[in-house]
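Student: Quick one: this structure, given as structure tokens, is what I'll be asking you about.
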Amino acid sequence: MKRVRDSKFELLRIVSMIFIVISHYSLWGGWKETYRYKYLIYQPLGQIGVCVFVFISGYFLSSRFLSAKDGWQRAKKLWIKTLIYSWLIFVIVISITGLKNLSITKILTAIFPVVFGEYWFITEFVVLMLFVPLLNRMLTVIK
């Protein structure tokens, strides 16, 4: 049976993505120095967007039973996808720029991004996936 997506949640996800992109642009787009007030206004939008994503994930993950095996499988899938994309980007960057200015730490971080927290949200989400079965079990005991 195919699940029907609720457009309200999809709209909320899109708005959250826009908030995160605006926040990243205000942080990395040079606004910090030039447009200090815009930076101060737009930077917190990223935190709001991340919180909304986590709330949406928590809502959907708490509404169904996940075994420890399911949590592990989901975490492993996300971890592998992240590794593949990270390695692909690393190879492209190396092929364009060469090995200039690369330390062992930068190489290890590029090879194992989840372990070293390079993509902090992915690292936190993997941990969440591992703990969701335990959290769901605790919620059912409390009820």
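In the structure tokens, chains take letters A, B, ... by order of appearance, with residues numbered from 1 within each chain and ligands from 1 in the order shown.
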Show which residues sit within 8 Å of segment 68-75 of chain A, as a VMD selection string. Count only C-alpha atoms, and ignore same-chain residues fewer than 6 positions away.

Tutor: chain A and resid 125 to 127 129 to 134

Student: Going by DSSP on the backbone, which bits of chain A are helix (DSSP H, G or I)? Write them as a ChimeraX atom specification, please.

Tutor: /A:7-28,31-34,36-62,68-97,104-111,120-142

Student: Using only C-alpha atoms, determine which residues lie at most 10 Å from Ser86 of chain A, disregarding the query and same-chain residues fewer than 3 positions distant; provide the list as a PyMOL selection string.

Tutor: chain A and resi 80-83+89-92+109-114+118-119

Student: Taking 5 positions as the minimum chain separation for residues in the same chain, which residues sit within 10 Å of Ile56 of chain A when counting only C-alpha atoms? Answer as an MDAnalysis selection string.

Tutor: chainID A and resid 9:10 12:13 50:51 61:62

Student: Using only C-alpha atoms, which of the listed residues (A:Ser7, A:Arg64, A:Phe19, A:Trp87) sits closest to Leu45 of chain A?

Tutor: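 Nearest to Leu45 of chain A: A:Phe19.
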